[in-house]
file data-v4.txt (compact mmCIF, C-alpha atoms and all ligand atoms)
# COMPACT_ATOMS: atom_id res chain seq x y z
CA MET A 1 133.43 3.82 128.06
CA LYS A 2 131.61 6.76 126.67
CA ILE A 3 134.11 9.58 126.10
CA PRO A 4 131.85 12.53 127.06
CA GLU A 5 131.64 11.05 130.59
CA LEU A 6 135.43 11.12 130.84
CA TYR A 7 135.41 14.88 130.49
CA GLU A 8 132.96 15.13 133.38
CA HIS A 9 135.39 13.41 135.74
CA LYS A 10 138.87 14.32 134.55
CA LYS A 11 140.67 17.52 133.61
CA PRO A 12 142.60 17.56 131.41
CA VAL A 13 141.63 14.48 129.42
CA PHE A 14 144.77 13.31 127.58
CA SER A 15 144.27 11.63 124.21
CA LEU A 16 146.39 10.49 121.27
CA GLU A 17 145.70 10.16 117.55
CA ILE A 18 147.09 7.59 115.12
CA PHE A 19 146.41 6.77 111.46
CA PRO A 20 146.13 3.33 109.82
CA PRO A 21 149.31 2.31 107.96
CA LYS A 22 149.31 3.33 104.32
CA LYS A 23 149.92 -0.12 102.90
CA LYS A 24 147.25 -2.64 103.65
CA GLY A 25 149.76 -5.42 104.30
CA ASN A 26 151.34 -3.40 107.12
CA ILE A 27 148.33 -3.23 109.40
CA GLU A 28 150.05 -5.29 112.12
CA SER A 29 152.79 -2.66 112.44
CA ILE A 30 150.34 -0.25 114.05
CA TYR A 31 150.05 -2.51 117.09
CA ASP A 32 153.75 -2.05 117.94
CA THR A 33 153.01 1.66 117.88
CA VAL A 34 149.95 1.26 120.13
CA GLU A 35 151.92 -0.89 122.56
CA GLN A 36 154.50 1.86 122.98
CA LEU A 37 151.89 4.62 123.10
CA ALA A 38 150.21 2.77 125.98
CA HIS A 39 153.12 3.99 128.18
CA CYS A 40 151.72 7.52 127.79
CA ASN A 41 148.65 6.41 129.78
CA PRO A 42 146.22 7.98 127.31
CA ASP A 43 142.57 8.34 128.30
CA PHE A 44 141.72 7.39 124.73
CA ILE A 45 143.30 6.88 121.31
CA SER A 46 141.57 8.00 118.12
CA VAL A 47 142.12 6.38 114.72
CA THR A 48 141.78 8.43 111.53
CA TYR A 49 139.76 7.41 108.50
CA GLY A 50 141.07 8.33 105.05
CA ALA A 51 143.33 11.10 106.39
CA GLY A 52 146.48 12.28 104.62
CA GLY A 53 145.94 9.86 101.73
CA ASN A 54 145.80 6.86 104.05
CA LEU A 55 143.37 3.99 103.88
CA ALA A 56 139.66 4.66 104.24
CA ASP A 57 138.45 1.15 104.82
CA ASN A 58 137.67 -1.28 107.61
CA SER A 59 141.13 -0.92 109.12
CA THR A 60 140.00 2.09 111.22
CA CYS A 61 137.28 -0.05 112.80
CA GLU A 62 139.61 -3.01 113.25
CA ILE A 63 142.35 -0.94 114.90
CA ALA A 64 139.93 0.99 117.15
CA SER A 65 138.41 -2.29 118.25
CA ARG A 66 141.76 -3.89 119.09
CA ILE A 67 142.91 -0.82 121.02
CA LYS A 68 139.95 -1.44 123.33
CA LYS A 69 140.00 -5.20 123.52
CA GLN A 70 143.69 -6.01 123.52
CA TYR A 71 145.14 -2.94 125.22
CA GLY A 72 142.22 -1.94 127.44
CA ILE A 73 142.44 1.65 126.19
CA GLU A 74 139.28 3.50 125.15
CA SER A 75 139.16 4.34 121.44
CA VAL A 76 137.46 6.68 119.00
CA ALA A 77 136.97 5.74 115.35
CA HIS A 78 137.01 8.67 112.93
CA LEU A 79 134.38 8.58 110.21
CA THR A 80 134.14 10.90 107.21
CA CYS A 81 131.16 11.26 104.90
CA VAL A 82 131.90 13.51 101.93
CA ASN A 83 133.44 10.76 99.82
CA SER A 84 130.80 8.18 100.77
CA SER A 85 127.26 7.29 99.81
CA LYS A 86 124.52 6.94 102.42
CA GLU A 87 124.78 3.16 102.07
CA ASP A 88 128.57 3.22 102.68
CA VAL A 89 128.06 5.29 105.81
CA GLU A 90 125.23 3.10 107.10
CA GLU A 91 127.38 0.03 106.63
CA MET A 92 130.33 1.57 108.46
CA ILE A 93 128.18 2.72 111.38
CA GLY A 94 126.80 -0.82 111.63
CA ARG A 95 130.32 -2.27 111.68
CA LEU A 96 131.48 0.12 114.39
CA ALA A 97 128.55 -0.79 116.62
CA GLU A 98 129.11 -4.50 115.97
CA ALA A 99 132.76 -4.14 116.96
CA ASP A 100 131.58 -2.62 120.30
CA ILE A 101 133.14 0.73 119.50
CA GLU A 102 131.37 3.33 121.59
CA ASN A 103 132.73 6.61 120.24
CA VAL A 104 132.99 8.13 116.79
CA LEU A 105 134.52 11.40 115.53
CA ALA A 106 132.04 12.52 112.90
CA LEU A 107 133.78 14.47 110.13
CA ARG A 108 132.93 15.77 106.73
CA GLY A 109 136.40 14.81 105.50
CA ASP A 110 138.81 16.42 103.11
CA ILE A 111 137.51 16.89 99.59
CA SER A 112 139.82 14.83 97.39
CA GLU A 113 142.17 16.57 94.99
CA ASP A 114 140.47 15.16 91.91
CA GLY A 115 137.35 16.88 93.19
CA GLU A 116 135.31 13.70 93.06
CA MET A 117 132.67 13.65 95.77
CA LYS A 118 129.43 11.85 96.43
CA HIS A 119 126.44 14.02 97.20
CA ASP A 120 124.59 12.28 100.02
CA PHE A 121 126.39 14.26 102.77
CA HIS A 122 127.73 17.79 102.68
CA HIS A 123 128.70 18.53 106.27
CA ALA A 124 129.65 16.79 109.49
CA ASN A 125 126.31 17.63 111.15
CA GLU A 126 124.51 15.51 108.55
CA LEU A 127 126.73 12.55 109.44
CA ALA A 128 126.09 13.13 113.15
CA ILE A 129 122.34 13.00 112.48
CA GLU A 130 122.80 9.71 110.63
CA VAL A 131 124.83 8.23 113.52
CA GLN A 132 122.15 9.32 115.97
CA ARG A 133 119.41 7.83 113.82
CA LYS A 134 121.14 4.46 113.50
CA CYS A 135 122.85 4.13 116.89
CA ARG A 136 121.50 6.69 119.31
CA ASP A 137 122.25 4.69 122.45
CA ASN A 138 125.43 2.92 121.37
CA LEU A 139 127.67 5.54 119.80
CA GLU A 140 128.78 8.82 121.33
CA ILE A 141 129.71 11.52 118.84
CA LEU A 142 132.72 13.83 118.85
CA GLY A 143 133.38 16.56 116.29
CA ALA A 144 136.15 18.76 114.90
CA CYS A 145 136.52 22.52 115.32
CA TYR A 146 138.90 25.21 114.05
CA PRO A 147 140.49 27.75 116.41
CA GLU A 148 141.48 29.93 113.44
CA GLY A 149 138.28 29.21 111.50
CA HIS A 150 137.92 26.58 108.78
CA TYR A 151 139.40 27.82 105.51
CA GLU A 152 136.03 27.57 103.75
CA SER A 153 134.32 29.91 106.21
CA LYS A 154 134.17 33.65 105.61
CA SER A 155 134.76 34.41 109.28
CA LEU A 156 135.36 32.74 112.61
CA ASP A 157 131.86 33.81 113.67
CA GLU A 158 130.32 32.02 110.69
CA ASP A 159 132.38 28.91 111.44
CA ILE A 160 131.23 28.90 115.07
CA GLN A 161 127.62 29.37 113.96
CA ASN A 162 128.05 26.26 111.79
CA LEU A 163 129.64 24.44 114.72
CA LYS A 164 126.36 24.87 116.55
CA TYR A 165 124.66 22.67 113.94
CA LYS A 166 127.02 19.85 114.90
CA ILE A 167 126.22 20.23 118.56
CA GLY A 168 122.52 20.33 117.76
CA ALA A 169 123.05 17.04 115.90
CA GLY A 170 124.48 15.33 119.01
CA VAL A 171 128.20 16.14 119.08
CA LYS A 172 129.20 16.14 122.76
CA VAL A 173 132.97 16.79 122.65
CA LEU A 174 135.07 18.91 120.26
CA ILE A 175 138.67 18.35 119.21
CA THR A 176 140.50 21.24 117.57
CA GLN A 177 142.51 21.38 114.41
CA LEU A 178 146.22 21.66 115.22
CA PHE A 179 147.50 25.13 116.03
CA PHE A 180 150.80 26.70 117.07
CA ASP A 181 149.53 29.86 118.72
CA ASN A 182 147.74 29.31 122.03
CA GLN A 183 146.28 32.80 121.90
CA CYS A 184 144.16 31.71 118.91
CA PHE A 185 142.83 28.82 120.97
CA TYR A 186 141.94 30.98 123.98
CA GLU A 187 140.15 33.53 121.80
CA PHE A 188 138.28 30.78 119.97
CA VAL A 189 137.09 29.07 123.15
CA GLY A 190 136.08 32.44 124.63
CA LYS A 191 134.04 33.26 121.53
CA ALA A 192 132.48 29.80 121.31
CA ARG A 193 131.38 30.01 124.97
CA MET A 194 129.91 33.49 124.36
CA MET A 195 127.99 32.05 121.42
CA GLY A 196 126.49 29.32 123.61
CA ILE A 197 128.76 26.34 122.98
CA LYS A 198 129.15 24.50 126.27
CA VAL A 199 130.71 21.14 125.33
CA PRO A 200 134.32 20.32 126.32
CA VAL A 201 136.99 21.38 123.82
CA SER A 202 140.23 19.39 123.57
CA ALA A 203 143.24 21.20 122.14
CA GLY A 204 144.86 19.40 119.18
CA ILE A 205 148.65 19.66 119.29
CA MET A 206 151.10 18.33 116.71
CA PRO A 207 154.81 18.38 117.55
CA ILE A 208 156.73 19.37 114.42
CA VAL A 209 159.97 17.39 114.54
CA ASN A 210 161.29 17.53 110.98
CA SER A 211 161.23 20.06 108.16
CA ARG A 212 159.34 17.70 105.82
CA GLN A 213 156.31 17.98 108.09
CA ILE A 214 156.08 21.74 108.06
CA GLU A 215 154.78 22.44 104.58
CA ARG A 216 152.35 19.55 104.59
CA THR A 217 150.99 20.35 108.02
CA VAL A 218 150.47 24.00 107.22
CA ALA A 219 148.72 23.10 103.96
CA LEU A 220 146.42 20.64 105.75
CA SER A 221 145.55 22.86 108.68
CA GLY A 222 146.05 26.47 107.53
CA ALA A 223 147.46 27.12 111.01
CA SER A 224 149.23 30.45 111.42
CA LEU A 225 152.87 30.36 112.41
CA PRO A 226 153.87 32.65 115.27
CA HIS A 227 157.26 34.33 115.33
CA ASP A 228 158.75 31.92 117.91
CA PHE A 229 157.81 29.01 115.68
CA THR A 230 159.29 30.39 112.44
CA LYS A 231 162.40 31.42 114.39
CA MET A 232 162.81 27.84 115.60
CA ILE A 233 162.47 26.52 112.05
CA SER A 234 164.93 28.95 110.52
CA LEU A 235 167.47 28.32 113.28
CA TYR A 236 167.40 24.55 112.97
CA GLU A 237 166.19 23.66 109.48
CA ASN A 238 169.60 22.26 108.60
CA ASN A 239 170.13 20.52 111.91
CA PRO A 240 167.71 17.60 112.22
CA GLU A 241 168.67 16.68 115.79
CA LYS A 242 168.26 20.21 117.10
CA LEU A 243 164.99 20.64 115.20
CA PHE A 244 163.69 17.43 116.75
CA GLU A 245 164.47 18.62 120.29
CA ALA A 246 163.16 22.15 119.66
CA GLY A 247 159.95 20.82 118.08
CA ILE A 248 159.26 18.65 121.12
CA GLN A 249 159.95 21.56 123.45
CA TYR A 250 157.65 23.86 121.45
CA ALA A 251 154.76 21.39 121.81
CA VAL A 252 155.55 20.87 125.52
CA ASP A 253 155.50 24.64 126.15
CA GLN A 254 152.16 24.93 124.34
CA ILE A 255 150.64 22.05 126.32
CA ARG A 256 151.90 23.22 129.72
CA ASP A 257 150.48 26.69 129.09
CA LEU A 258 147.13 25.21 128.00
CA ILE A 259 146.85 23.01 131.07
CA ILE A 260 147.79 25.82 133.44
CA ASN A 261 145.03 27.85 131.80
CA GLY A 262 142.44 25.14 132.47
CA VAL A 263 142.04 23.41 129.09
CA ASP A 264 139.45 20.56 129.04
CA GLY A 265 141.75 18.19 127.17
CA ILE A 266 144.94 17.73 125.18
CA HIS A 267 144.76 15.68 121.97
CA LEU A 268 148.22 14.82 120.66
CA TYR A 269 148.59 14.16 116.92
CA THR A 270 151.27 11.47 117.25
CA MET A 271 151.76 10.82 113.50
CA ASN A 272 152.38 7.20 114.59
CA ASN A 273 155.65 8.22 116.23
CA PRO A 274 155.75 6.82 119.78
CA LYS A 275 159.21 8.25 120.44
CA VAL A 276 157.85 11.77 119.98
CA ALA A 277 154.69 11.10 122.00
CA LEU A 278 156.68 9.61 124.90
CA LYS A 279 159.14 12.51 124.98
CA VAL A 280 156.26 14.97 125.14
CA TYR A 281 154.46 12.88 127.76
CA GLU A 282 157.51 12.75 130.05
CA LYS A 283 157.60 16.53 130.11
CA ILE A 284 153.89 17.08 130.86
CA GLU A 285 153.14 14.04 133.02
CA ASP A 286 153.32 16.07 136.24
CA LEU A 287 150.35 18.18 135.05
CA LEU A 288 148.11 15.34 133.90
N1 LIG B 1 140.07 12.17 108.24
C1 LIG B 1 140.25 12.49 109.50
O1 LIG B 1 140.41 11.60 110.36
C2 LIG B 1 140.27 13.95 109.93
C3 LIG B 1 139.85 14.93 109.05
N2 LIG B 1 139.78 16.29 109.41
C4 LIG B 1 139.39 17.30 108.42
O2 LIG B 1 138.68 18.43 108.88
C5 LIG B 1 137.98 19.09 107.77
C6 LIG B 1 136.51 19.40 107.86
O3 LIG B 1 135.81 18.43 108.54
P1 LIG B 1 134.64 18.86 109.48
O4 LIG B 1 135.08 19.84 110.47
O5 LIG B 1 134.01 17.63 109.96
O6 LIG B 1 133.68 19.59 108.42
P2 LIG B 1 132.41 20.50 108.60
O7 LIG B 1 131.41 20.04 107.60
O8 LIG B 1 131.96 20.57 110.01
O9 LIG B 1 132.95 21.95 108.22
C7 LIG B 1 133.53 22.25 106.95
C8 LIG B 1 133.14 23.67 106.52
O10 LIG B 1 131.74 23.76 106.29
C9 LIG B 1 131.11 24.69 107.17
N3 LIG B 1 129.86 24.06 107.66
C10 LIG B 1 129.75 23.09 108.61
N4 LIG B 1 128.47 22.70 108.76
C11 LIG B 1 127.74 23.44 107.90
C12 LIG B 1 126.36 23.49 107.58
N5 LIG B 1 125.48 22.68 108.16
N6 LIG B 1 125.94 24.35 106.61
C13 LIG B 1 126.84 25.16 106.00
N7 LIG B 1 128.16 25.17 106.25
C14 LIG B 1 128.62 24.31 107.19
C15 LIG B 1 132.10 24.95 108.27
O11 LIG B 1 131.94 26.23 108.81
C16 LIG B 1 133.42 24.77 107.55
O12 LIG B 1 133.78 25.93 106.86
C17 LIG B 1 138.13 18.22 106.69
O13 LIG B 1 139.10 18.89 105.98
C18 LIG B 1 138.44 16.90 107.45
O14 LIG B 1 138.97 15.95 106.61
C19 LIG B 1 140.08 16.67 110.67
C20 LIG B 1 140.49 15.75 111.60
C21 LIG B 1 140.65 14.35 111.28
N1 LIG B 2 142.35 18.90 106.90
C1 LIG B 2 142.71 17.97 107.80
N2 LIG B 2 142.61 16.68 107.45
C2 LIG B 2 142.98 15.71 108.33
O1 LIG B 2 142.87 14.54 107.96
C3 LIG B 2 143.45 16.08 109.63
C4 LIG B 2 143.54 17.45 109.92
N3 LIG B 2 143.17 18.36 108.99
N4 LIG B 2 144.03 17.88 111.09
C5 LIG B 2 144.38 17.00 112.12
C6 LIG B 2 144.69 15.66 111.70
C7 LIG B 2 146.08 15.43 111.11
N5 LIG B 2 145.84 14.26 110.30
C8 LIG B 2 146.79 13.59 109.51
C9 LIG B 2 147.74 14.29 108.83
C10 LIG B 2 148.67 13.62 108.03
C11 LIG B 2 148.62 12.26 107.93
C12 LIG B 2 149.64 11.49 107.12
O2 LIG B 2 149.55 10.31 106.98
N6 LIG B 2 150.66 12.17 106.59
C13 LIG B 2 151.78 11.67 105.85
C14 LIG B 2 152.62 10.75 106.66
C15 LIG B 2 153.55 11.56 107.49
C16 LIG B 2 154.42 10.77 108.43
O3 LIG B 2 154.49 9.54 108.38
O4 LIG B 2 155.06 11.43 109.26
C17 LIG B 2 151.46 11.06 104.51
O5 LIG B 2 152.38 10.87 103.74
O6 LIG B 2 150.31 10.79 104.22
C18 LIG B 2 147.67 11.56 108.61
C19 LIG B 2 146.73 12.24 109.39
C20 LIG B 2 144.44 13.93 110.33
N7 LIG B 2 143.82 15.17 110.63
call {"tool": "encode", "arguments": {"input": "data-v4.txt", "output": "structure tokens"}}
result
Amino acid sequence: MKIPELYEHKKPVFSLEIFPPKKKGNIESIYDTVEQLAHCNPDFISVTYGAGGNLADNSTCEIASRIKKQYGIESVAHLTCVNSSKEDVEEMIGRLAEADIENVLALRGDISEDGEMKHDFHHANELAIEVQRKCRDNLEILGACYPEGHYESKSLDEDIQNLKYKIGAGVKVLITQLFFDNQCFYEFVGKARMMGIKVPVSAGIMPIVNSRQIERTVALSGASLPHDFTKMISLYENNPEKLFEAGIQYAVDQIRDLIINGVDGIHLYTMNNPKVALKVYEKIEDLL
């Protein structure tokens, strides 16, 4: 199924995100995770590509394909371009289409720490154009957006202007970077609508359930930390069980508020942890 159509018929769309296992030999382990995540009744599951130092290879395509075929759940394959040549990207697009994947999240990708990058693509809109050129009728394109602005942009306005290039290049649904302050999301969506962006925007939520995640997540996302959030961390940083429960509740409160305020979709960054996803799901199921 083509994901943009889902947003025409359902509100909120509820989606989950997973990443391929780090070690190549462990690829089968992800299917246990998917099997458990299926109990959350997701409208789709997305699979990252080269995120957080994980594999950027055919495993994204393989996993996204099996999610559809074996579990009957719609999938989205992430694809990044900044560390790839035009030939690499063309090959990957061909593979996705061959595997009957119908939806791709077109990303620039994180610039690797050693600074090595290829120079065929600079931004996500260029990748979207390439996907359109190669597979206009077979692949729907989703894109990423940043409620607090991407850290490379001078201002939120500039970032939203750049977002319009992606939409011009065929992106039909946006998924946000994770955030902990719903007010940032509401202001961002209000501004984007004023600036002419009409596509559905799913809110990306990551439950923080252990202290190890905090630093890494903040570094990756640049998300600001509201007072309630830092209070929760300082109260429970030495009590893993309490932090786990409080982290779930924080995400649940965020999601319930978003749904009540009419959000188009909720995209849950599961970090391959079905226990967390299921606990969140149980507490929001009545609103889905
Ligand atoms: N690997 C994965 O699965 C995931 C990766 N991400 C990460 O999100 C980050 C950025 O990815 P995208 O949003 O796809 O990048 P992007 O290319 O859309 O935006 C990156 C920066 O460039 C600016 N920009 C965008 N288009 C431009 C243009 N045509 N001309 C000038 N400036 C432009 C933006 O305002 C922003 O500051 C990366 O750090 C990516 O890795 C996010 C989600 C999942
Ligand atoms: N800048 C950026 N890059 C991304 O890849 C990205 C975002 N932002 N925002 C949303 C999601 C979050 N993503 C992530 C983040 C971390 C890992 C990851 O594998 N982290 C740890 C494992 C942590 C764990 O198992 O709990 C790692 O060690 O790599 C994967 C995908 C992908 N996405």
call {"tool": "residues_near_ligand", "arguments": {"input": "data-v4.txt", "ligand": "ligand LIG 1 (chain B)", "cutoff": "8 Å", "atoms": "all atoms listed in the file", "output": "ChimeraX atom specification"}}
result
/A:19,47-52,78-80,105-111,122-126,143-146,149-154,158-163,165-166,177,220
call {"tool": "write_last_selection", "arguments": {"input": "data-v4.txt", "atoms": "C-alpha atoms", "output": "compact mmCIF listing (two decimals), in the frame of the given file"}}
result
# COMPACT_ATOMS: atom_id res chain seq x y z
CA PHE A 19 146.41 6.77 111.46
CA VAL A 47 142.12 6.38 114.72
CA THR A 48 141.78 8.43 111.53
CA TYR A 49 139.76 7.41 108.50
CA GLY A 50 141.07 8.33 105.05
CA ALA A 51 143.33 11.10 106.39
CA GLY A 52 146.48 12.28 104.62
CA HIS A 78 137.01 8.67 112.93
CA LEU A 79 134.38 8.58 110.21
CA THR A 80 134.14 10.90 107.21
CA LEU A 105 134.52 11.40 115.53
CA ALA A 106 132.04 12.52 112.90
CA LEU A 107 133.78 14.47 110.13
CA ARG A 108 132.93 15.77 106.73
CA GLY A 109 136.40 14.81 105.50
CA ASP A 110 138.81 16.42 103.11
CA ILE A 111 137.51 16.89 99.59
CA HIS A 122 127.73 17.79 102.68
CA HIS A 123 128.70 18.53 106.27
CA ALA A 124 129.65 16.79 109.49
CA ASN A 125 126.31 17.63 111.15
CA GLU A 126 124.51 15.51 108.55
CA GLY A 143 133.38 16.56 116.29
CA ALA A 144 136.15 18.76 114.90
CA CYS A 145 136.52 22.52 115.32
CA TYR A 146 138.90 25.21 114.05
CA GLY A 149 138.28 29.21 111.50
CA HIS A 150 137.92 26.58 108.78
CA TYR A 151 139.40 27.82 105.51
CA GLU A 152 136.03 27.57 103.75
CA SER A 153 134.32 29.91 106.21
CA LYS A 154 134.17 33.65 105.61
CA GLU A 158 130.32 32.02 110.69
CA ASP A 159 132.38 28.91 111.44
CA ILE A 160 131.23 28.90 115.07
CA GLN A 161 127.62 29.37 113.96
CA ASN A 162 128.05 26.26 111.79
CA LEU A 163 129.64 24.44 114.72
CA TYR A 165 124.66 22.67 113.94
CA LYS A 166 127.02 19.85 114.90
CA GLN A 177 142.51 21.38 114.41
CA LEU A 220 146.42 20.64 105.75
call {"tool": "closest_residue", "arguments": {"input": "data-v4.txt", "among": "A:Ala169, A:Met271, A:Val209, A:Ile63", "to": "ligand LIG 2 (chain B)", "atoms": "all atoms listed in the file"}}
result
A:Met271
call {"tool": "residues_around", "arguments": {"input": "data-v4.txt", "residues": "Val218 in chain A", "least_positions_apart": "4", "cutoff": "12 Å", "atoms": "only C-alpha atoms", "output": "MDAnalysis selection string"}}
result
chainID A and resid 151 177:180 206 208 211:214 222:225
call {"tool": "write_last_selection", "arguments": {"input": "data-v4.txt", "atoms": "C-alpha atoms", "output": "short mmCIF file (atom, residue, chain, number, x, y, z; two decimals), in the frame of the given file"}}
result
data_model
loop_
_atom_site.label_atom_id
_atom_site.label_comp_id
_atom_site.auth_asym_id
_atom_site.auth_seq_id
_atom_site.Cartn_x
_atom_site.Cartn_y
_atom_site.Cartn_z
CA TYR A 151 139.40 27.82 105.51
CA GLN A 177 142.51 21.38 114.41
CA LEU A 178 146.22 21.66 115.22
CA PHE A 179 147.50 25.13 116.03
CA PHE A 180 150.80 26.70 117.07
CA MET A 206 151.10 18.33 116.71
CA ILE A 208 156.73 19.37 114.42
CA SER A 211 161.23 20.06 108.16
CA ARG A 212 159.34 17.70 105.82
CA GLN A 213 156.31 17.98 108.09
CA ILE A 214 156.08 21.74 108.06
CA GLY A 222 146.05 26.47 107.53
CA ALA A 223 147.46 27.12 111.01
CA SER A 224 149.23 30.45 111.42
CA LEU A 225 152.87 30.36 112.41
#
call {"tool": "residues_around", "arguments": {"input": "data-v4.txt", "residues": "Val34 in chain A", "least_positions_apart": "3", "cutoff": "10 Å", "atoms": "all atoms listed in the file", "output": "PyMOL selection string"}}
result
chain A and resi 16+18+29-31+37-39+45+63+66-67+71+73+272-274
call {"tool": "atom_distance", "arguments": {"input": "data-v4.txt", "atom1": "CA of Lys231 in chain A", "atom2": "CA of Glu148 in chain A"}}
result
21.0 Å
call {"tool": "closest_residue", "arguments": {"input": "data-v4.txt", "among": "A:Gly170, A:Gly265, A:Gly190, A:Pro207", "to": "Val252 in chain A", "atoms": "all atoms listed in the file"}}
result
A:Pro207
call {"tool": "closest_residue", "arguments": {"input": "data-v4.txt", "among": "A:Leu235, A:Ile101, A:Val263, A:Leu268", "to": "ligand LIG 2 (chain B)", "atoms": "all atoms listed in the file"}}
result
A:Leu268
call {"tool": "axis_aligned_box", "arguments": {"input": "data-v4.txt", "around": "ligand LIG 2 (chain B)", "padding_each_side": "5 Å", "output": "AutoDock Vina command-line options"}}
result
--center_x 148.7 --center_y 14.2 --center_z 107.9 --size_x 22.7 --size_y 19.4 --size_z 18.4
call {"tool": "closest_residue", "arguments": {"input": "data-v4.txt", "among": "A:Asn54, A:Cys61, A:Ile266, A:Lys10", "to": "ligand LIG 2 (chain B)", "atoms": "only C-alpha atoms and all ligand atoms"}}
result
A:Asn54
call {"tool": "residues_around", "arguments": {"input": "data-v4.txt", "residues": "Gly94 in chain A", "least_positions_apart": "5", "cutoff": "9 Å", "atoms": "all atoms listed in the file", "output": "ChimeraX atom specification"}}
result
/A:89,99,134-135
call {"tool": "closest_residue", "arguments": {"input": "data-v4.txt", "among": "A:Asp157, A:Glu62, A:Glu245, A:Glu17", "to": "ligand LIG 2 (chain B)", "atoms": "only C-alpha atoms and all ligand atoms"}}
result
A:Glu17
call {"tool": "atom_distance", "arguments": {"input": "data-v4.txt", "atom1": "atom O6 of ligand LIG 2 (chain B)", "atom2": "CA of Glu237 in chain A"}}
result
21.1 Å
call {"tool": "atom_distance", "arguments": {"input": "data-v4.txt", "atom1": "CA of Ala203 in chain A", "atom2": "CA of His267 in chain A"}}
result
5.7 Å
call {"tool": "closest_residue", "arguments": {"input": "data-v4.txt", "among": "A:Gln183, A:Thr270, A:Gln249, A:Ser234", "to": "Ser46 in chain A", "atoms": "all atoms listed in the file"}}
result
A:Thr270
call {"tool": "residues_around", "arguments": {"input": "data-v4.txt", "residues": "Val131 in chain A", "least_positions_apart": "4", "cutoff": "8 Å", "atoms": "all atoms listed in the file", "output": "ChimeraX atom specification"}}
result
/A:93,127,135-136,139,141
call {"tool": "decode", "arguments": {"input": "data-v4.txt", "residues": "range 229-245 of chain A", "atoms": "N, CA and C atoms", "output": "compact mmCIF listing (two decimals), in the first residue's frame"}}
result
# COMPACT_ATOMS: atom_id res chain seq x y z
N PHE A 229 11.06 17.17 31.79
CA PHE A 229 11.91 16.07 31.34
C PHE A 229 13.19 15.99 32.18
N THR A 230 13.87 17.12 32.35
CA THR A 230 15.12 17.10 33.13
C THR A 230 14.84 16.75 34.60
N LYS A 231 13.65 17.17 35.08
CA LYS A 231 13.27 16.83 36.45
C LYS A 231 13.14 15.30 36.58
N MET A 232 12.49 14.70 35.61
CA MET A 232 12.32 13.24 35.62
C MET A 232 13.69 12.54 35.64
N ILE A 233 14.60 13.03 34.81
CA ILE A 233 15.93 12.41 34.75
C ILE A 233 16.65 12.56 36.10
N SER A 234 16.65 13.77 36.63
CA SER A 234 17.42 13.95 37.87
C SER A 234 16.80 13.18 39.03
N LEU A 235 15.48 13.03 39.02
CA LEU A 235 14.84 12.26 40.09
C LEU A 235 15.21 10.78 40.04
N TYR A 236 15.29 10.25 38.83
CA TYR A 236 15.39 8.78 38.70
C TYR A 236 16.68 8.27 38.09
N GLU A 237 17.69 9.14 37.91
CA GLU A 237 18.86 8.66 37.17
C GLU A 237 19.57 7.49 37.87
N ASN A 238 19.38 7.36 39.17
CA ASN A 238 20.00 6.23 39.85
C ASN A 238 19.02 5.12 40.19
N ASN A 239 17.87 5.17 39.58
CA ASN A 239 16.85 4.15 39.82
C ASN A 239 16.29 3.66 38.48
N PRO A 240 16.97 2.67 37.89
CA PRO A 240 16.61 2.24 36.54
C PRO A 240 15.14 1.86 36.37
N GLU A 241 14.56 1.20 37.36
CA GLU A 241 13.16 0.77 37.20
C GLU A 241 12.20 1.96 37.16
N LYS A 242 12.45 2.90 38.06
CA LYS A 242 11.60 4.10 38.09
C LYS A 242 11.79 4.93 36.81
N LEU A 243 13.05 5.02 36.35
CA LEU A 243 13.30 5.79 35.13
C LEU A 243 12.59 5.16 33.94
N PHE A 244 12.59 3.85 33.89
CA PHE A 244 11.90 3.12 32.83
C PHE A 244 10.41 3.49 32.81
N GLU A 245 9.78 3.38 33.97
CA GLU A 245 8.33 3.68 34.06
C GLU A 245 8.05 5.15 33.72
